[in-house]
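Novice: Got a structure for you, structure.cif, holding mmCIF, C-alpha atoms.
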```cif
data_target
#
loop_
_atom_site.label_atom_id
_atom_site.label_comp_id
_atom_site.auth_asym_id
_atom_site.auth_seq_id
_atom_site.Cartn_x
_atom_site.Cartn_y
_atom_site.Cartn_z
CA MET Q 1149 -1.37 7.48 -18.74
CA HIS Q 1150 -2.44 4.91 -26.27
CA GLU Q 1151 -1.04 5.22 -29.26
CA ALA Q 1152 -1.76 3.61 -32.63
CA THR Q 1153 0.33 0.60 -33.49
CA THR Q 1154 3.12 1.22 -35.95
CA PRO Q 1155 5.45 -1.20 -37.70
CA ARG Q 1156 9.13 -1.07 -36.92
CA ALA Q 1157 11.68 -2.80 -39.08
CA ALA Q 1158 14.25 -4.90 -37.29
CA ILE Q 1159 17.59 -3.36 -38.07
CA ASP Q 1160 20.50 -5.55 -37.07
CA GLY Q 1161 23.45 -5.64 -39.40
CA GLY Q 1162 21.31 -5.72 -42.53
CA SER Q 1163 18.97 -8.47 -41.26
CA THR Q 1164 16.06 -9.22 -43.54
CA ASN Q 1165 13.74 -10.30 -40.72
CA PRO Q 1166 10.16 -9.08 -41.25
CA PRO Q 1167 9.04 -6.04 -39.27
CA ARG Q 1168 7.38 -6.57 -35.91
CA MET Q 1169 4.34 -4.75 -34.58
CA THR Q 1170 4.69 -2.83 -31.34
CA GLY Q 1171 2.06 -0.92 -29.41
CA THR Q 1172 3.99 2.32 -29.12
CA PRO Q 1173 5.44 4.51 -31.87
CA VAL Q 1174 9.18 5.08 -31.84
CA GLY Q 1175 10.12 7.94 -29.51
CA GLN Q 1176 7.07 7.62 -27.28
CA VAL Q 1177 7.00 6.18 -23.75
CA THR Q 1178 5.72 2.63 -23.50
CA PRO Q 1179 3.20 1.71 -20.79
CA ARG Q 1180 5.81 -0.64 -19.32
CA ARG Q 1181 8.32 2.17 -18.90
CA ALA Q 1182 5.66 4.51 -17.52
CA ALA Q 1183 4.70 1.88 -14.94
CA ILE Q 1184 8.34 1.39 -13.93
CA VAL Q 1185 8.93 5.15 -13.61
CA ALA Q 1186 5.77 5.57 -11.54
CA GLY Q 1187 6.63 2.61 -9.30
CA LEU Q 1188 10.22 3.70 -8.72
CA GLY Q 1189 9.11 7.28 -8.16
CA LEU Q 1190 6.58 6.20 -5.56
CA LEU Q 1191 9.17 4.02 -3.84
CA ALA Q 1192 11.77 6.81 -3.76
CA LEU Q 1193 9.40 9.51 -2.49
CA SER Q 1194 7.97 7.14 0.13
CA LEU Q 1195 11.40 6.31 1.55
CA LEU Q 1196 12.64 9.91 1.40
CA GLY Q 1197 9.40 11.35 2.75
CA PHE Q 1198 9.28 8.88 5.64
CA SER Q 1199 12.88 9.63 6.68
CA CYS Q 1200 12.29 13.40 6.44
CA PHE Q 1201 9.14 13.29 8.53
CA LEU Q 1202 10.85 11.10 11.09
CA ALA Q 1203 13.63 13.67 11.46
CA PHE Q 1204 11.12 16.52 11.48
CA GLU Q 1205 9.12 14.97 14.32
CA ARG Q 1206 12.28 14.42 16.37
CA LEU Q 1207 13.26 18.08 16.11
CA VAL Q 1208 9.85 19.74 16.45
CA VAL Q 1209 8.21 19.54 19.88
CA GLU Q 1210 4.54 20.43 19.61
CA GLY Q 1211 3.57 23.22 21.99
CA ASP Q 1212 7.15 23.99 23.06
CA ALA Q 1213 8.60 26.83 21.00
CA THR Q 1214 11.75 27.14 23.11
CA LEU Q 1215 12.76 23.50 22.84
CA THR Q 1216 11.87 23.40 19.14
CA ALA Q 1217 14.01 26.46 18.40
CA ARG Q 1218 16.90 24.99 20.39
CA ASN Q 1219 16.65 21.67 18.53
CA ILE Q 1220 16.66 23.44 15.17
CA ALA Q 1221 19.61 25.62 16.14
CA ASP Q 1222 21.58 22.62 17.40
CA HIS Q 1223 20.80 20.56 14.29
CA GLU Q 1224 20.71 23.28 11.65
CA LEU Q 1225 22.13 21.17 8.81
CA GLN Q 1226 19.76 18.30 9.54
CA PHE Q 1227 16.76 20.65 9.53
CA ARG Q 1228 17.88 22.19 6.24
CA LEU Q 1229 18.23 18.70 4.77
CA VAL Q 1230 14.69 17.94 5.89
CA ALA Q 1231 13.41 21.04 4.09
CA ALA Q 1232 15.39 20.15 0.96
CA GLY Q 1233 14.17 16.56 1.17
CA PHE Q 1234 10.54 17.70 1.16
CA VAL Q 1235 11.17 19.76 -1.97
CA ILE Q 1236 12.71 16.72 -3.66
CA VAL Q 1237 9.66 14.68 -2.64
CA ALA Q 1238 7.45 17.29 -4.32
CA GLY Q 1239 9.56 17.01 -7.48
CA LEU Q 1240 9.21 13.22 -7.45
CA ASP Q 1241 5.44 13.63 -7.15
CA VAL Q 1242 5.45 15.64 -10.38
CA LEU Q 1243 7.37 12.81 -12.07
CA VAL Q 1244 4.88 10.25 -10.74
CA ALA Q 1245 1.98 12.41 -11.94
CA TRP Q 1246 3.40 12.37 -15.47
CA ALA Q 1247 4.08 8.62 -15.46
CA LEU Q 1248 0.60 7.77 -14.16
CA TYR Q 1249 -0.91 10.03 -16.80
CA VAL Q 1250 0.96 8.20 -19.56
CA LEU Q 1251 -0.15 4.87 -18.09
CA LEU Q 1252 -3.81 5.71 -17.52
CA ARG Q 1253 -4.49 8.02 -20.47
CA PRO Q 1254 -6.09 5.18 -22.49
CA VAL Q 1255 -8.70 4.66 -19.75
CA ASN Q 1256 -10.04 8.21 -19.98
CA PRO Q 1257 -7.82 11.02 -21.30
CA SER Q 1258 -9.77 13.85 -19.68
CA ILE Q 1259 -9.91 12.22 -16.24
CA ALA Q 1260 -6.24 11.23 -16.51
CA VAL Q 1261 -5.33 14.88 -17.12
CA LEU Q 1262 -7.38 15.91 -14.08
CA SER Q 1263 -5.66 13.30 -11.93
CA ALA Q 1264 -2.21 14.42 -13.06
CA TRP Q 1265 -2.91 18.12 -12.49
CA LEU Q 1266 -4.28 17.44 -9.01
CA ARG Q 1267 -1.04 15.68 -8.07
CA VAL Q 1268 1.03 18.51 -9.58
CA ALA Q 1269 -1.05 21.05 -7.64
CA TYR Q 1270 -0.51 19.04 -4.45
CA ALA Q 1271 3.24 19.00 -5.09
CA ALA Q 1272 3.29 22.76 -5.68
CA VAL Q 1273 1.44 23.51 -2.44
CA PHE Q 1274 3.64 21.10 -0.50
CA ALA Q 1275 6.83 22.64 -1.91
CA ALA Q 1276 5.57 26.13 -1.06
CA ALA Q 1277 4.75 24.99 2.48
CA SER Q 1278 8.27 23.57 2.83
CA ALA Q 1279 9.67 27.06 2.28
CA ASN Q 1280 8.42 27.86 5.80
CA LEU Q 1281 10.95 25.40 7.19
CA ALA Q 1282 13.76 27.28 5.46
CA ALA Q 1283 12.35 30.50 6.90
CA ALA Q 1284 12.37 29.01 10.39
CA VAL Q 1285 16.01 27.96 10.32
CA ASN Q 1286 17.05 31.22 8.64
CA LEU Q 1287 15.51 33.21 11.49
CA LEU Q 1288 17.76 31.43 13.97
CA ALA Q 1289 20.85 31.82 11.78
CA ASP Q 1290 20.30 35.49 10.92
CA ALA Q 1291 22.12 37.92 13.20
CA ASP Q 1292 19.69 40.77 12.41
CA SER Q 1293 16.73 38.63 13.49
CA GLN Q 1294 18.49 37.79 16.74
CA ARG Q 1295 19.05 41.50 17.45
CA MET Q 1296 15.56 42.52 16.40
CA PHE Q 1297 13.68 39.94 18.45
CA GLY Q 1298 14.16 38.86 22.01
CA THR Q 1299 14.86 35.20 22.65
CA ARG Q 1300 11.26 34.31 23.45
CA GLN Q 1301 9.87 36.30 20.54
CA LEU Q 1302 12.36 34.74 18.15
CA ASP Q 1303 11.42 31.28 19.36
CA ALA Q 1304 7.76 32.13 18.80
CA GLN Q 1305 8.49 33.31 15.26
CA VAL Q 1306 10.32 30.06 14.53
CA MET Q 1307 7.42 28.02 15.87
CA LEU Q 1308 5.02 30.10 13.78
CA SER Q 1309 6.95 29.22 10.63
CA VAL Q 1310 6.91 25.53 11.57
CA ASN Q 1311 3.15 25.69 12.18
CA GLN Q 1312 2.64 27.40 8.84
CA PHE Q 1313 4.39 24.45 7.21
CA SER Q 1314 2.03 22.06 8.98
CA ASP Q 1315 -1.02 24.09 7.91
CA GLY Q 1316 0.21 24.18 4.32
CA TRP Q 1317 0.80 20.44 4.47
CA ASP Q 1318 -2.83 19.92 5.58
CA VAL Q 1319 -4.06 21.97 2.62
CA ALA Q 1320 -1.80 20.01 0.27
CA LEU Q 1321 -3.21 16.73 1.57
CA VAL Q 1322 -6.74 17.84 0.72
CA ILE Q 1323 -5.63 18.16 -2.90
CA PHE Q 1324 -3.74 14.86 -2.65
CA GLY Q 1325 -6.87 13.14 -1.32
CA LEU Q 1326 -8.83 14.41 -4.32
CA HIS Q 1327 -6.06 13.14 -6.61
CA LEU Q 1328 -6.27 9.68 -5.08
CA LEU Q 1329 -10.05 9.67 -5.45
CA VAL Q 1330 -9.77 10.42 -9.18
CA LEU Q 1331 -6.86 7.99 -9.52
CA GLY Q 1332 -8.91 5.25 -7.85
CA TYR Q 1333 -11.68 5.86 -10.37
CA LEU Q 1334 -9.24 5.49 -13.26
CA LEU Q 1335 -7.67 2.34 -11.83
CA PHE Q 1336 -11.07 0.78 -11.23
CA GLY Q 1337 -12.13 1.57 -14.80
CA SER Q 1338 -8.99 0.13 -16.37
CA THR Q 1339 -8.76 -3.34 -17.86
CA PHE Q 1340 -5.19 -4.03 -16.76
CA VAL Q 1341 -5.09 -3.08 -13.06
CA PRO Q 1342 -6.94 -5.24 -10.51
CA LYS Q 1343 -10.13 -3.43 -9.53
CA VAL Q 1344 -9.44 -4.02 -5.85
CA ILE Q 1345 -6.45 -1.66 -6.12
CA GLY Q 1346 -8.70 1.07 -7.50
CA ILE Q 1347 -11.14 0.56 -4.63
CA LEU Q 1348 -8.39 0.65 -1.99
CA VAL Q 1349 -6.80 3.76 -3.52
CA ALA Q 1350 -10.19 5.50 -3.33
CA ILE Q 1351 -10.50 4.42 0.31
CA ALA Q 1352 -7.02 5.84 0.97
CA SER Q 1353 -8.21 9.15 -0.44
CA LEU Q 1354 -10.98 9.30 2.15
CA GLY Q 1355 -8.43 8.84 4.93
CA TYR Q 1356 -6.42 11.85 3.75
CA LEU Q 1357 -9.53 13.98 3.29
CA ILE Q 1358 -10.86 13.16 6.77
CA ASP Q 1359 -7.52 13.87 8.47
CA SER Q 1360 -6.84 17.06 6.50
CA PHE Q 1361 -10.25 18.63 6.99
CA GLY Q 1362 -10.21 17.51 10.62
CA ALA Q 1363 -6.91 19.33 11.21
CA LEU Q 1364 -8.12 22.42 9.36
CA LEU Q 1365 -11.41 22.59 11.24
CA SER Q 1366 -10.12 21.79 14.73
CA SER Q 1367 -6.77 22.53 16.36
CA SER Q 1368 -7.33 19.60 18.74
CA TYR Q 1369 -7.81 17.01 15.99
CA ASP Q 1370 -5.24 14.25 16.46
CA ALA Q 1371 -6.69 11.21 14.68
CA ASN Q 1372 -4.71 9.43 11.96
CA VAL Q 1373 -7.25 7.78 9.69
CA ALA Q 1374 -4.81 7.77 6.75
CA GLY Q 1375 -2.51 5.57 8.81
CA PHE Q 1376 -5.10 2.79 8.43
CA THR Q 1377 -6.24 3.40 4.85
CA PHE Q 1378 -2.93 3.62 2.98
CA ALA Q 1379 -2.97 -0.01 1.79
CA GLY Q 1380 -4.14 1.00 -1.69
CA GLU Q 1381 -1.11 3.23 -2.24
CA LEU Q 1382 1.24 0.45 -1.17
CA LEU Q 1383 -0.46 -2.15 -3.37
CA LEU Q 1384 -0.39 0.21 -6.36
CA MET Q 1385 3.35 0.75 -5.94
CA VAL Q 1386 3.97 -3.01 -5.66
CA TRP Q 1387 1.79 -3.71 -8.70
CA LEU Q 1388 3.57 -1.07 -10.78
CA LEU Q 1389 6.99 -2.53 -9.95
CA TRP Q 1390 6.01 -6.19 -10.20
CA ARG Q 1391 3.28 -6.48 -12.84
CA GLY Q 1392 3.46 -3.09 -14.51
CA ARG Q 1393 6.88 -3.89 -16.01
CA ARG Q 1394 5.14 -6.57 -18.13
CA LEU Q 1395 2.59 -4.23 -19.67
CA VAL Q 1396 2.38 -3.81 -23.43
CA VAL Q 1397 -0.29 -2.39 -25.69
CA ALA Q 1398 -2.42 -5.22 -27.04
CA ARG Q 1399 -1.55 -5.86 -30.66
CA GLY Q 1400 -3.85 -4.01 -32.98
CA ARG Q 1401 -5.53 -1.97 -30.23
CA HIS Q 1402 -4.45 1.40 -28.87
CA ASP Q 1403 -6.55 1.35 -25.70
CA ALA Q 1404 -5.89 -2.08 -24.18
CA PHE Q 1405 -2.91 -3.47 -22.28
CA THR Q 1406 -2.01 -7.05 -21.50
CA THR Q 1407 0.10 -8.60 -18.78
CA GLY Q 1408 1.44 -12.02 -17.96
CA PRO Q 1409 2.92 -14.67 -20.26
CA THR Q 1410 1.10 -13.30 -23.30
CA ALA Q 1411 2.54 -9.87 -22.72
CA ALA Q 1412 6.00 -11.31 -22.29
CA ARG Q 1413 5.77 -12.91 -25.73
CA MET Q 1414 4.59 -9.61 -27.24
CA ARG Q 1415 7.46 -7.50 -25.98
CA PRO Q 1416 9.29 -5.63 -28.78
#
```
Once more with this new file: its structure as structure tokens, please.
Specialist:
Amino acid sequence: MHEATTPRAAIDGGSTNPPRMTGTPVGQVTPRRAAIVAGLGLLALSLLGFSCFLAFERLVVEGDATLTARNIADHELQFRLVAAGFVIVAGLDVLVAWALYVLLRPVNPSIAVLSAWLRVAYAAVFAAASANLAAAVNLLADADSQRMFGTRQLDAQVMLSVNQFSDGWDVALVIFGLHLLVLGYLLFGSTFVPKVIGILVAIASLGYLIDSFGALLSSSYDANVAGFTFAGELLLMVWLLWRGRRLVVARGRHDAFTTGPTAARMRP
């Protein structure tokens, strides 16, 4: 998430230099580029997602529909930007799913496909849940809704939409936890990613699964296990940006990557 090695002639003003071997056919994505795309995608969605959730938590007051509705009405543009930001995050997750598939396909093609589809499914559920935020702000901005509902009933409808987003988010995180579990397996089985990262990513998956099922099974659940188990995700992002950019397919083999000084010498 590779390909057979193919010769490529060096073309530079009629140079007669002999062809060099590269690990990726012309027109296909190299493991180095896939790692960079995945790393940058993870960095971008982390920063955007964190800022959106920070704004969301400032505007939404748990258990207080009136204050929540007032905050949304007073900061309508900001709330709409939060909803749009979550949709962009979902789109970035699809990009990351593709890049990780390209990078990890040599480890196990079938499992890599499963991992990618789980992340795409998570992104789809999360994007659908984010539509509830647009529904919430539209209720407050729609004159017909204001006439149809009384103030208290309208506030309750807005809070219901916000809660539906949260419930959808919990469901999405179940799928995301499964994705991380499969991803951890792939990382652990690879020959080019430190096995400790695979182990920590799998541990991170358990944090999401515990929190998500806890929230789905009990309305009073307020633990945050994932807040203590996310180290694997952070280390993976750092590795992709720092070491992943030096990946190349080992010369003469389609299923092995190398890093470090040797890889630097083998770059096309």
Novice: Would you kindly translate the PyMOL selection byres ((chain Q and resi 1321) around 9) into the concrete residues it picks from this file, as a list in words?
Specialist: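 The output of the PyMOL selection byres ((chain Q and resi 1321) around 9) on this file is Tyr1270, Phe1274, Gly1316, Trp1317, Asp1318, Val1319, Ala1320, Val1322, Ile1323, Phe1324, Gly1325, Leu1326, Tyr1356, Leu1357, Asp1359 and Ser1360 of chain Q.
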Novice: When the PyMOL selection byres ((chain Q and resi 1299) around 12) is applied to the structure above, which residues does it catch, written out as a VMD selection string?
Specialist: chain Q and resid 1213 to 1215 1217 to 1218 1287 to 1288 1293 to 1298 1300 to 1306
Novice: Can you list what the PyMOL selection byres ((chain Q and resi 1203) around 12) grabs from this structure, as a ChimeraX atom specification?
Specialist: /Q:1196-1202,1204-1209,1219-1220,1223-1231,1233-1234
